[in-house]
Amino acid sequence: MSKDKFDYFINGEKAKYEVIIGLEVHAQVHSNSKLFSGSSTKFGANPNDQVSLVDSAFPGMLPVINTECVKQAIRTGLGLNAKINNYSVFDRKNYFYADLPQGYQISQYKNPIVGEGKVLLDMPYGSKEIGIERLHLEQDAGKSIHDMDPSNTYVDLNRSGIALMEIVSKPDLRSPEEVNAYIKKLRSIMRYLGTCDGNMQEGSLRADVNVSVRKIGDKKLGTRCEIKNVNSIKFMQMAIQYEANRQVQLLDEGKKIDQETRLFDTKKNETRSMRSKEDAHDYRYFPDPDLLPLKIEQKLIDELKKSLPELPDKKKERFIKEYGLNQYEATVLVSEKEISNYYEKVAKLSDKKLAATWMMGDLFAMLNEKGLDISNSPIKAENFAELVQSIKSGEISGRIAKEVFEIMIESGDNPKKIIESKGMKQESDPKELEKMINEILSKNKDKVDQYKTGKEKLFGFFVGQVMKSSSGKANPQLTNEILKKLLKS
Amino acid sequence: MDGITNQGLKEIIDNIKSKKISSLELTKAYIKNIESAKKLNSFVTTTFEQALENAKNFDSKPNYEQILPGIPLAVKDLFCTENVKTTAGSNILHNFIPTYESTVTKNLWNNGAFLLGKLNCDEFAMGSSNETSFFGNVINPVGDKLVPGGSSGGSSSALAADLTPATIGTDTGGSIRQPASFTGTVGLKPTYGLCSRWGIVAFASSLDQAGPMTKTVTDCAIMLEAMSGYDEKDSTSINKKKEPYSKNLNENIKGLKIGIPKEYRVDNMPKEIDELWNKGKKILKDLGAQLIDISLPHTKYALPTYYIVAPAEASSNLARYDGVRYGYRSEKGKDLIEMYENTRSEGFGDEVKRRILIGTYVLSSGYYDAYYLKAQKVRQLIKKDFDDNFSKVDAILTPSTPSSAFKIGEKTNDPVSMYLNDIFTVPVNLAGLPALSLPAGTDKQGYPLGLQLIGKTLDEQKILNIGYAFEKNCGFKNQIQKWWL
């Protein structure tokens with residue numbers, strides 16, 4: 001894809017198509033207990049260890065709303081610049097399945113807790129706003145395990161009743177790249193807020209992906225297919241790619257697209273039909289009579305608003321203003337709360353601009369290579385700041401800094417200590433340097449003469465000699481200045 | 001010994017407190033009665049051993065400060081009781097033993113009572129004659145061919161036959177008041193939210209309410225005191241201070257305004273019901289109350305509204321009985337869907353299936369607006385009828401039922417005529433109000449008939465007071481011949 005122009009289109013035989021994508025993201029609410037029961041939500045417990053009588057729907061059991069989950073949903077809504085509804089209703093979504101003990105999921109249908117909002121994406125071709133249709137709270141189902149026994153299915157209800165936020169986007173996304181940016185942005189906002197840990201491996205963030213295609217220039221949306229329960233960004237992108245091409249091919253062949261629910265087969269890299277519109281469940285939604293409508297006082301919303309942390313968009317603006325970063329640097333450095341915290345620590349103790357360059361260069365490369373998050377970086381922010389400062393002050397050169405950096409990774413030591421103990425300090429005394437350079441020039445009289453007659457390329461040779469005899473410690477800028485001065489005389 | 005169990009709860013408590021009888025003597029007397037009344041089929045489960053143990057414990061360390069000191073009680077088998085089978089009158093729960101105790105029964109036990117057994121009821125409380133129970137129909141002690149009413153038919157039968165000094169039932173559309181009326185006993189459906197629903201097998205969550213069934217109004221006040229109270233485990237529970245209903249009983253009802261709704265004079269109502277109503281009006285008037293004609297114009301829509309709302313909620317509430325985690329599971333079927341189908345086909349009876357079908361239909365897409373949504377709107381109008389009138393009157397007097405107890409089998413093939421039995425009781429559930437059914441007289445055949453007092457939200461005390469005064473001046477005496485002995 002070109003860097004500065006959007007160009008994700010699918011070429012059919014007769015026409016060019018754009019791809020319309022909407023996402024329903026299911027984000028697990030970060031909370032100690034479930035949405036309507038006191039059971040723990042910790043990941044990784046033994047099957048059915050975290051199941052109350054409510055979660056397993058014993059006769060006469062009743063749901064009681066966990067107010068912390070409600071607050072988390074409000075915080076998330078505020079983070080998405082969305083309208084918080086003072087009145088919302090929990091409904092029952094009725095269907096039978098072995099891992100759905102109640103025979104219904106408590107969800108929100110007509111009156112969700114959060115209404116319309118928006119999310120800003122920074123794309124290479126500019127910033128793009130993605131509309132949020134709604135956010136609602138609902139219960140997760142349990143897990144059916146089909147591969148433990150040849151003839152029986154096992155059910156684990158640990159997830160049953162855990163609070164999810166379903167965040168529904170408008171059909172504003174146009175490419176797998178935008179989906180990638182959108183999920184990352186949502187995840188980032190929720191992690192800043194502490195409302196969802198965003199851990200896709202543990203299933204804390206999943207999405208249903210709605211895909212349709214239309215000829216460029218058409219106003220009407222095409223028939224969409226919903227790809228259910230995709231649990232990684234990579235798979236979402238692959239599924240969209242496959243599905244969009246499948247739909248274009250159907251249209252090329254003059255066939256109709258059926259509105260249906262599809263599954264993405266990660267092994268075969270294709271989507272396949274799960275059920276058609278005709279077979280769609282009739283969920284028989286109706287307000288849950290066990291629960292009163294959720295009334296949220298404006299005071300609570302205002303209080304939560306006041307206590308929100310600074311979110312990525314705001315932080316980015318501030319980073320540009322306060323630290324003189326460019327758009328790109330700021331975008332990268334606010335993308336995750338932990339990264340932005342690290343950067344701010346470093347920037348406060350050292351040169352802001354140089355800190356950004358070194359973080360986004362060597363530090364990120366190292367973390368990436370080691371598969372580490374910044375929170376478990378072997379180099380602490382304080383030490384990293386000292387390293388940046390040593391470069392800035394001219395104490396060490398960039399080249400030496402890379403060596404120091406390598407040692408820091410291994411030892412976790414403070415850079416000052418490394419520089420001193422290994423004698424890596426830069427030679428910045430002009431007199432010392434001049435003495436050294438004079439020696440080199442007198443040893444290479446012939447080259448000096450060639451230089452003076454016009455062979456200016458030899459300048460690099462002299463610099464190299466200086467570096468060699470100083471074992472790389474000569475201050476490069478000073479070396480240049482002094483060399484120029486002496487070669488002129 | 002028969003003398004002990006002839007008494008009302010209040011007298012029994014007094015006799016326990018004055019040590020005229022022990023809890024053990026009392027318990028043994030009831031056990032003897034229960035064992036000789038098996039023909040009535042009012043019990044699904046008895047817990048005699050445990051009851052005798054509890055009685056002995058009480059006697060060895062009596063606490064007379066409790067509301068129900070050493071009192072054995074049988075309860076409707078819709079209340080979950082810890083380690084005691086709880087069936088809801090259904091095959092699908094025929095083997096279900098809860099590990100927990102419903103809040104209402106726990107409240108009773110915390111106030112000194114203990115369990116004597118679990119009482120038969122219509123399956124999942126769906127029925128007006130106790131004929132839908134998987135454990136067979138219950139017989140009304142009033143006559144061996146008569147239904148005891150329903151769904152709390154085991155409760156009304158056991159109470160009227162002196163098999164328990166008092167009992168509790170649940171009332172979704174009249175399931176306490178109608179059986180009370182059929183057996184010449186007192187039944188109260190409290191304000192929705194006064195008694196916790198936690199641990200009660202759900203029928204229709206927005207209508208279900210537990211309440212007392214007793215021989216006298218005083219007993220009713222005592223039981224309500226013991227069983228009611230806020231419960232944070234029920235989101236629809238009302239958070240209010242407990243009231244000492246029995247201490248506050250007051251027979252002076254001078255000046256109270258009693259509403260007489262014209263819509264409760266229905267077509268084809270037997271003359272004797274009308275006469276009973278007139279008798280009730282006269283008693284209250286003679287006691288100094290003022291009768292005021294009122295109109296509750298949406299009454300005629302109450303029954304159809306009820307038969308949309310209640311089945312809708314039931315169809316969803318009963319989805320959990322799928323054979324996966326507890327209760328009955330069919331051995332037939334080759335996959336999950338077939339297991340569901342067979343389990344539910346074999347586990348539920350006809351009336352329950354009928355209501356699940358109705359409920360599923362009225363909630364389904366394309367019909368929701370025409371049925372469920374419209375019913376919810378009408379429900380608001382019914383509620384508003386009452387609200388409008390309660391600015392003018394203190395309570396409303398109506399008949400409890402359009403007839404006396406009918407014969408076993410008489411209406412089983414005609415569900416609609418069965419449903420019509422609840423015509424005077426369902427509006428109260430739809431409006432969430434308290435209502436008391438009082439024995440007030442008999443028909444030509446000598447079968448008991450009841451009158452209903454409807455109160456404002458949380459105004460239980462007032463209808464109990466009116467009932468108390470009425471009871472003293474009505475002169476009704478239940479004439480039950482113990483023909484089963």
# chains A, B, ... in the order shown; residues from 1 in each chain; ligands from 1
$ interface_residues --of "chain B" --to "chain A" --cutoff "6 Å" --atoms "only C-alpha atoms" --output "ChimeraX atom specification"
/B:198-202,205-206,235,319-320,363-364
$ write_last_selection --atoms "C-alpha atoms" --output "PDB file, in the first residue's frame"
ATOM      1  CA  TRP B 198     -34.259 -15.675  45.940  1.00  0.00           C
ATOM      2  CA  GLY B 199     -34.380 -19.452  46.061  1.00  0.00           C
ATOM      3  CA  ILE B 200     -37.965 -19.783  44.851  1.00  0.00           C
ATOM      4  CA  VAL B 201     -38.304 -21.758  41.632  1.00  0.00           C
ATOM      5  CA  ALA B 202     -39.300 -19.007  39.208  1.00  0.00           C
ATOM      6  CA  SER B 205     -40.408 -13.162  37.667  1.00  0.00           C
ATOM      7  CA  SER B 206     -42.280  -9.861  37.422  1.00  0.00           C
ATOM      8  CA  SER B 235     -32.685  -6.944  42.729  1.00  0.00           C
ATOM      9  CA  ALA B 319     -35.154 -22.725  29.585  1.00  0.00           C
ATOM     10  CA  ARG B 320     -32.598 -23.704  32.236  1.00  0.00           C
ATOM     11  CA  LEU B 363     -41.960 -13.157  22.188  1.00  0.00           C
ATOM     12  CA  SER B 364     -41.031 -14.298  18.706  1.00  0.00           C
TER      13      SER B 364
END
$ residues_around --residues "Asp394 of chain B" --least-positions-apart "6" --cutoff "7 Å" --atoms "only C-alpha atoms" --output "VMD selection string"
chain B and resid 256 to 258 455
$ select_by_dssp --residues "segment 344-451 of chain B" --states "alpha helix (DSSP H)" --output "ChimeraX atom specification"
/B:344-347,350-363,374-389,415-419,426-431
$ residues_around --residues "segment 192-206 of chain A" --least-positions-apart "2" --cutoff "8 Å" --atoms "only C-alpha atoms" --output "PyMOL selection string"
chain A and resi 25-31+43+72-73+75-76+79+187-190+208+229-232+308-312+336-337
$ decode --residues "segment 11-157 of chain B" --atoms "C-alpha atoms" --output "compact mmCIF listing (two decimals), in the first residue's frame"
# COMPACT_ATOMS: atom_id res chain seq x y z
CA GLU B 11 -52.90 -19.89 70.03
CA ILE B 12 -50.25 -22.52 69.42
CA ILE B 13 -47.48 -19.96 69.90
CA ASP B 14 -49.16 -18.81 73.14
CA ASN B 15 -49.39 -22.41 74.33
CA ILE B 16 -45.72 -23.01 73.53
CA LYS B 17 -44.73 -19.82 75.32
CA SER B 18 -46.80 -20.70 78.40
CA LYS B 19 -45.29 -24.22 78.24
CA LYS B 20 -48.70 -25.84 77.98
CA ILE B 21 -47.29 -27.85 75.09
CA SER B 22 -43.79 -28.61 73.95
CA SER B 23 -42.53 -28.27 70.43
CA LEU B 24 -42.05 -32.06 70.35
CA GLU B 25 -45.69 -32.74 71.34
CA LEU B 26 -46.85 -30.30 68.75
CA THR B 27 -44.65 -31.81 66.04
CA LYS B 28 -45.76 -35.33 66.87
CA ALA B 29 -49.39 -34.26 66.67
CA TYR B 30 -48.91 -32.87 63.19
CA ILE B 31 -46.95 -35.91 62.05
CA LYS B 32 -49.82 -38.10 63.22
CA ASN B 33 -52.29 -35.95 61.29
CA ILE B 34 -50.14 -36.01 58.16
CA GLU B 35 -49.75 -39.78 58.28
CA SER B 36 -53.49 -40.25 58.51
CA ALA B 37 -54.24 -37.81 55.69
CA LYS B 38 -52.30 -39.40 52.84
CA LYS B 39 -55.49 -39.51 50.78
CA LEU B 40 -55.32 -35.75 50.41
CA ASN B 41 -51.93 -36.09 48.66
CA SER B 42 -50.93 -32.68 49.93
CA PHE B 43 -47.32 -33.63 50.71
CA VAL B 44 -44.59 -34.42 48.18
CA THR B 45 -41.88 -34.88 50.79
CA THR B 46 -41.98 -35.17 54.56
CA THR B 47 -39.03 -34.39 56.82
CA PHE B 48 -40.31 -35.94 60.05
CA GLU B 49 -37.02 -37.14 61.46
CA GLN B 50 -35.41 -33.80 61.00
CA ALA B 51 -38.51 -32.06 62.40
CA LEU B 52 -38.53 -34.19 65.54
CA GLU B 53 -34.84 -33.48 65.99
CA ASN B 54 -35.46 -29.75 65.62
CA ALA B 55 -38.38 -29.90 68.06
CA LYS B 56 -36.22 -31.63 70.66
CA ASN B 57 -33.51 -29.07 70.16
CA PHE B 58 -35.98 -26.28 70.66
CA ASP B 59 -37.42 -27.83 73.81
CA SER B 60 -33.98 -28.32 75.32
CA LYS B 61 -33.04 -24.72 74.68
CA PRO B 62 -36.24 -22.78 74.07
CA ASN B 63 -36.12 -19.20 72.83
CA TYR B 64 -39.56 -17.70 73.39
CA GLU B 65 -38.56 -14.30 72.01
CA GLN B 66 -38.74 -15.63 68.47
CA ILE B 67 -41.76 -14.95 66.29
CA LEU B 68 -42.29 -18.67 65.59
CA PRO B 69 -40.87 -20.46 68.65
CA GLY B 70 -40.54 -24.18 67.97
CA ILE B 71 -43.22 -24.17 65.28
CA PRO B 72 -43.16 -26.96 62.66
CA LEU B 73 -44.20 -25.73 59.22
CA ALA B 74 -44.80 -27.38 55.88
CA VAL B 75 -44.07 -25.20 52.84
CA LYS B 76 -44.94 -25.23 49.16
CA ASP B 77 -42.49 -27.33 47.15
CA LEU B 78 -41.50 -24.30 45.12
CA PHE B 79 -39.20 -22.99 47.87
CA CYS B 80 -35.70 -24.42 47.63
CA THR B 81 -34.78 -26.11 50.89
CA GLU B 82 -31.20 -27.07 51.68
CA ASN B 83 -30.60 -30.81 51.41
CA VAL B 84 -34.34 -31.45 51.02
CA LYS B 85 -35.73 -32.43 47.63
CA THR B 86 -37.42 -29.52 45.85
CA THR B 87 -39.55 -30.52 42.87
CA ALA B 88 -41.81 -27.59 41.90
CA GLY B 89 -44.35 -30.35 41.24
CA SER B 90 -42.42 -31.38 38.13
CA ASN B 91 -40.83 -34.52 36.79
CA ILE B 92 -37.95 -32.43 35.49
CA LEU B 93 -36.96 -31.63 39.11
CA HIS B 94 -38.21 -34.87 40.66
CA ASN B 95 -34.72 -35.68 41.98
CA PHE B 96 -33.40 -32.18 42.60
CA ILE B 97 -31.86 -31.53 46.01
CA PRO B 98 -30.74 -27.92 46.47
CA THR B 99 -27.57 -27.05 48.34
CA TYR B 100 -29.15 -23.78 49.42
CA GLU B 101 -32.14 -22.42 51.31
CA SER B 102 -34.54 -19.84 49.90
CA THR B 103 -34.44 -16.49 51.68
CA VAL B 104 -38.10 -16.71 52.71
CA THR B 105 -37.79 -20.16 54.31
CA LYS B 106 -34.49 -19.16 55.89
CA ASN B 107 -36.28 -16.19 57.45
CA LEU B 108 -38.89 -18.57 58.90
CA TRP B 109 -36.22 -20.87 60.35
CA ASN B 110 -34.28 -17.88 61.72
CA ASN B 111 -37.46 -16.92 63.56
CA GLY B 112 -37.74 -20.27 65.31
CA ALA B 113 -39.73 -22.44 62.91
CA PHE B 114 -38.55 -25.66 61.25
CA LEU B 115 -39.52 -27.77 58.27
CA LEU B 116 -42.18 -30.45 58.49
CA GLY B 117 -42.38 -31.25 54.78
CA LYS B 118 -42.81 -29.99 51.26
CA LEU B 119 -46.30 -29.40 49.89
CA ASN B 120 -47.65 -30.43 46.55
CA CYS B 121 -48.42 -27.74 43.98
CA ASP B 122 -49.24 -27.33 40.33
CA GLU B 123 -46.23 -27.98 38.13
CA PHE B 124 -44.05 -24.84 38.26
CA ALA B 125 -47.06 -23.16 39.91
CA MET B 126 -48.96 -23.27 36.62
CA GLY B 127 -52.54 -24.19 37.37
CA SER B 128 -55.61 -23.30 39.42
CA SER B 129 -56.59 -26.73 40.74
CA ASN B 130 -53.38 -28.56 41.65
CA GLU B 131 -54.15 -31.04 38.90
CA THR B 132 -51.00 -30.33 36.86
CA SER B 133 -48.61 -31.69 39.48
CA PHE B 134 -46.36 -34.57 38.43
CA PHE B 135 -47.08 -36.01 41.88
CA GLY B 136 -50.81 -36.24 41.31
CA ASN B 137 -53.71 -34.01 42.20
CA VAL B 138 -54.43 -32.82 45.72
CA ILE B 139 -57.82 -33.19 47.35
CA ASN B 140 -59.68 -30.41 49.11
CA PRO B 141 -60.51 -31.36 52.72
CA VAL B 142 -63.85 -29.62 52.13
CA GLY B 143 -65.00 -32.56 50.01
CA ASP B 144 -63.36 -35.64 48.53
CA LYS B 145 -64.28 -34.78 44.92
CA LEU B 146 -63.11 -31.17 45.12
CA VAL B 147 -59.94 -29.45 43.99
CA PRO B 148 -58.12 -27.42 46.66
CA GLY B 149 -57.40 -24.62 44.19
CA GLY B 150 -53.98 -23.89 42.83
CA SER B 151 -51.25 -23.53 42.37
CA SER B 152 -50.67 -23.61 46.16
CA GLY B 153 -53.17 -26.48 46.49
CA GLY B 154 -51.03 -28.66 48.73
CA SER B 155 -50.63 -25.66 51.02
CA SER B 156 -54.35 -24.84 51.24
CA SER B 157 -55.29 -28.50 51.65
